[in-house]
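Only one structure is covered here, and it is reproduced in the block below.
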Amino acid sequence: MEKQEYTITLYTENSIGMIGRISAIFSRRKINIESLNTSPSEAEGIHRFTIVIEETEDVVRKLCRQIEKQVEVLKAYYNTNDEVIWQEQALYKVPTEIVTEKAPVERLLRQYGASAVVIRNDYTVFETAGHREEIDALTDALAEYNLIEFVRSARIAIIKDSEGFHKKLKEFEEAEPAAEVVENRYLDKQDKVFTM
């Protein structure tokens, strides 16, 4: 099998140390994480991890099964780039004089859909969203115009053919509702039951 880029989506409880435990699973298998994003999900109290790796499908499948063994992990999915809608965001800091005096820079920013976030006398910060290749292309182009600083976010992705984890969680709760709380019949008789 050939290595390719996969997006792994995890739904977890929001608990301390979760990122460390998840990343340790990758480290033990000597798998490099290309991108890692965590955020709240559509289901209250549930967090979503979006992880990008380059590996074979067999390794990714086994990795997801291993991750699902973690107590706080509710579900792990893996998808190819064709199966997800994804974006990355980037911020660019460039000298303001370059933007105001060089028409090619203005056209370049417009071509990539960049919008100004902060405009100061000494620099301007632009933001844009897109695929990695688009962000890399704009970064390379702005490097010719004294790019001061650049930062890119981790990937965010939505699975194309998914009805969402929240719906699956609700269906599970309806199919297997939590057991009724049953009072212990010996609770108020502890002196009689637990005597020596």
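Starting from 1 in every chain, residues are counted up; chains themselves are A, B, ... following the order of the structure tokens, and ligands are numbered from 1 as listed.
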
Which of chain A end up as alpha helix (DSSP H) when DSSP is run on this backbone - answer as an MDAnalysis selection string?
chainID A and resid 18:28 57:68 96:101 103:111 132:143 165:175 190:193

Quick one, how far is CA of Gln4 (chain A) from CA of Glu54 (chain A)?
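Interatomic distance here is 5.1 Å.
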
Region 20-127 of chain A near region 145-151 of chain A within 7 Å: what's each residue's closest atom pair and its distance in Å to one decimal, counting only C-alpha atoms, ordered by chain then ascending residue number, as CSV?
```
residue,atom,partner,partner_atom,distance
A:Ala90,CA,A:Val151,CA,5.6
A:Leu91,CA,A:Val151,CA,5.4
A:Tyr92,CA,A:Phe150,CA,4.7
A:Lys93,CA,A:Glu149,CA,5.0
A:Val94,CA,A:Leu147,CA,4.9
A:Ile98,CA,A:Tyr145,CA,6.8
```

Between CA of Asp161 (chain A) and CA of Val84 (chain A), distance in Å (one decimal)
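Between CA of Asp161 (chain A) and CA of Val84 (chain A) the gap is 8.2 Å.
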
List the neighbours of Ser115 (chain A) out to 7 Å using only C-alpha atoms; skip same-chain residues closer than 6 positions along the sequence, and give me the result as a PDB file with all heavy atoms, in the first residue's frame.
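Resulting contents of out_32.pdb:
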```
ATOM      1  N   PHE A 126      -2.703  40.615   6.969  1.00  0.00           N
ATOM      2  CA  PHE A 126      -3.765  40.069   6.122  1.00  0.00           C
ATOM      3  C   PHE A 126      -4.063  38.644   6.555  1.00  0.00           C
ATOM      4  O   PHE A 126      -3.191  37.955   7.077  1.00  0.00           O
ATOM      5  CB  PHE A 126      -3.325  40.051   4.653  1.00  0.00           C
ATOM      6  CG  PHE A 126      -3.205  41.407   4.045  1.00  0.00           C
ATOM      7  CD1 PHE A 126      -1.987  42.060   4.027  1.00  0.00           C
ATOM      8  CD2 PHE A 126      -4.319  42.030   3.512  1.00  0.00           C
ATOM      9  CE1 PHE A 126      -1.877  43.318   3.480  1.00  0.00           C
ATOM     10  CE2 PHE A 126      -4.214  43.297   2.959  1.00  0.00           C
ATOM     11  CZ  PHE A 126      -2.988  43.942   2.945  1.00  0.00           C
ATOM     12  N   GLU A 127      -5.302  38.219   6.330  1.00  0.00           N
ATOM     13  CA  GLU A 127      -5.664  36.827   6.578  1.00  0.00           C
ATOM     14  C   GLU A 127      -6.253  36.245   5.312  1.00  0.00           C
ATOM     15  O   GLU A 127      -6.849  36.953   4.503  1.00  0.00           O
ATOM     16  CB  GLU A 127      -6.669  36.698   7.731  1.00  0.00           C
ATOM     17  CG  GLU A 127      -8.072  37.153   7.385  1.00  0.00           C
ATOM     18  CD  GLU A 127      -9.091  36.832   8.446  1.00  0.00           C
ATOM     19  OE1 GLU A 127      -8.887  35.900   9.244  1.00  0.00           O
ATOM     20  OE2 GLU A 127     -10.126  37.508   8.473  1.00  0.00           O
ATOM     21  N   THR A 128      -6.070  34.933   5.182  1.00  0.00           N
ATOM     22  CA  THR A 128      -6.682  34.218   4.064  1.00  0.00           C
ATOM     23  C   THR A 128      -6.918  32.774   4.501  1.00  0.00           C
ATOM     24  O   THR A 128      -6.309  32.302   5.459  1.00  0.00           O
ATOM     25  CB  THR A 128      -5.812  34.274   2.794  1.00  0.00           C
ATOM     26  OG1 THR A 128      -6.560  33.729   1.703  1.00  0.00           O
ATOM     27  CG2 THR A 128      -4.533  33.504   2.954  1.00  0.00           C
TER      28      THR A 128
END
```

Show me, as a Markdown table, the residues of region 57-116 of chain A having an atom within 12 Å of region 134-143 of chain A, each with the closest atom pair and its distance in Å, using only C-alpha atoms.
```
| residue | atom | partner | partner_atom | distance |
| --- | --- | --- | --- | --- |
| A:Gln87 | CA | A:Ile135 | CA | 10.0 |
| A:Glu88 | CA | A:Ile135 | CA | 8.1 |
| A:Gln89 | CA | A:Ile135 | CA | 8.1 |
| A:Ala90 | CA | A:Ile135 | CA | 7.0 |
| A:Leu91 | CA | A:Ile135 | CA | 9.6 |
| A:Tyr92 | CA | A:Thr139 | CA | 7.9 |
| A:Lys93 | CA | A:Leu142 | CA | 9.5 |
| A:Val94 | CA | A:Leu142 | CA | 7.9 |
| A:Pro95 | CA | A:Leu142 | CA | 10.5 |
| A:Ile98 | CA | A:Leu142 | CA | 10.1 |
| A:Val99 | CA | A:Leu142 | CA | 10.4 |
| A:Lys102 | CA | A:Leu142 | CA | 11.6 |
| A:Pro104 | CA | A:Ala141 | CA | 10.2 |
| A:Val105 | CA | A:Leu142 | CA | 7.6 |
| A:Glu106 | CA | A:Leu142 | CA | 10.6 |
| A:Arg107 | CA | A:Ala141 | CA | 11.5 |
| A:Leu108 | CA | A:Leu138 | CA | 7.7 |
| A:Leu109 | CA | A:Leu138 | CA | 8.0 |
| A:Arg110 | CA | A:Leu138 | CA | 10.8 |
| A:Gln111 | CA | A:Leu138 | CA | 9.4 |
| A:Tyr112 | CA | A:Leu138 | CA | 7.2 |
| A:Gly113 | CA | A:Leu138 | CA | 10.3 |
| A:Ala114 | CA | A:Leu138 | CA | 9.5 |
```

I need the residues from that last selection saved to file as a compact mmCIF listing (two decimals), in the first residue's frame (with N, CA, C and O atoms), if you can.
```txt
# COMPACT_ATOMS: atom_id res chain seq x y z
N GLN A 87 -9.88 23.27 5.09
CA GLN A 87 -9.27 24.58 4.91
C GLN A 87 -8.18 24.77 5.97
O GLN A 87 -8.20 24.12 7.02
N GLU A 88 -7.28 25.66 5.67
CA GLU A 88 -6.31 26.16 6.65
C GLU A 88 -6.38 27.67 6.57
O GLU A 88 -6.76 28.22 5.54
N GLN A 89 -6.04 28.33 7.65
CA GLN A 89 -6.06 29.79 7.68
C GLN A 89 -4.64 30.29 7.87
O GLN A 89 -3.82 29.62 8.50
N ALA A 90 -4.35 31.46 7.32
CA ALA A 90 -3.00 32.02 7.46
C ALA A 90 -3.08 33.52 7.71
O ALA A 90 -4.01 34.19 7.25
N LEU A 91 -2.09 34.02 8.45
CA LEU A 91 -1.93 35.45 8.68
C LEU A 91 -0.57 35.86 8.10
O LEU A 91 0.42 35.16 8.29
N TYR A 92 -0.54 37.00 7.43
CA TYR A 92 0.67 37.53 6.81
C TYR A 92 0.89 38.96 7.30
O TYR A 92 -0.04 39.77 7.24
N LYS A 93 2.10 39.26 7.74
CA LYS A 93 2.43 40.63 8.12
C LYS A 93 3.41 41.17 7.08
O LYS A 93 4.48 40.60 6.87
N VAL A 94 3.02 42.27 6.41
CA VAL A 94 3.85 42.88 5.39
C VAL A 94 3.97 44.37 5.67
O VAL A 94 3.08 44.96 6.30
N PRO A 95 5.06 45.01 5.21
CA PRO A 95 5.19 46.45 5.41
C PRO A 95 4.04 47.18 4.70
O PRO A 95 3.73 46.90 3.54
N ILE A 98 4.70 48.77 1.26
CA ILE A 98 4.73 47.85 0.12
C ILE A 98 3.31 47.69 -0.45
O ILE A 98 3.11 47.68 -1.66
N VAL A 99 2.34 47.56 0.46
CA VAL A 99 0.95 47.36 0.03
C VAL A 99 0.41 48.61 -0.66
O VAL A 99 -0.27 48.53 -1.69
N LYS A 102 2.85 49.36 -4.11
CA LYS A 102 3.08 48.34 -5.14
C LYS A 102 1.76 47.72 -5.57
O LYS A 102 1.15 46.95 -4.85
N PRO A 104 1.19 45.35 -7.78
CA PRO A 104 1.18 43.88 -7.88
C PRO A 104 0.84 43.20 -6.55
O PRO A 104 0.19 42.15 -6.54
N VAL A 105 1.25 43.79 -5.44
CA VAL A 105 0.96 43.21 -4.12
C VAL A 105 -0.54 43.26 -3.87
O VAL A 105 -1.15 42.29 -3.42
N GLU A 106 -1.14 44.40 -4.17
CA GLU A 106 -2.58 44.54 -3.97
C GLU A 106 -3.35 43.53 -4.82
O GLU A 106 -4.29 42.88 -4.36
N ARG A 107 -2.93 43.34 -6.08
CA ARG A 107 -3.58 42.37 -6.97
C ARG A 107 -3.39 40.94 -6.45
O ARG A 107 -4.30 40.12 -6.49
N LEU A 108 -2.20 40.68 -5.95
CA LEU A 108 -1.87 39.36 -5.41
C LEU A 108 -2.76 39.02 -4.22
O LEU A 108 -3.33 37.93 -4.14
N LEU A 109 -2.92 39.98 -3.32
CA LEU A 109 -3.76 39.76 -2.14
C LEU A 109 -5.22 39.56 -2.54
O LEU A 109 -5.91 38.70 -1.99
N ARG A 110 -5.67 40.32 -3.52
CA ARG A 110 -7.04 40.17 -4.00
C ARG A 110 -7.23 38.81 -4.68
O ARG A 110 -8.25 38.14 -4.49
N GLN A 111 -6.24 38.39 -5.46
CA GLN A 111 -6.30 37.10 -6.17
C GLN A 111 -6.48 35.93 -5.19
O GLN A 111 -7.20 34.98 -5.47
N TYR A 112 -5.83 36.01 -4.02
CA TYR A 112 -5.91 34.94 -3.04
C TYR A 112 -7.00 35.17 -1.99
O TYR A 112 -7.10 34.42 -1.02
N GLY A 113 -7.81 36.19 -2.17
CA GLY A 113 -8.93 36.44 -1.26
C GLY A 113 -8.50 36.89 0.11
O GLY A 113 -9.21 36.67 1.10
N ALA A 114 -7.33 37.52 0.21
CA ALA A 114 -6.83 37.98 1.50
C ALA A 114 -7.55 39.26 1.91
O ALA A 114 -7.87 40.10 1.08
```
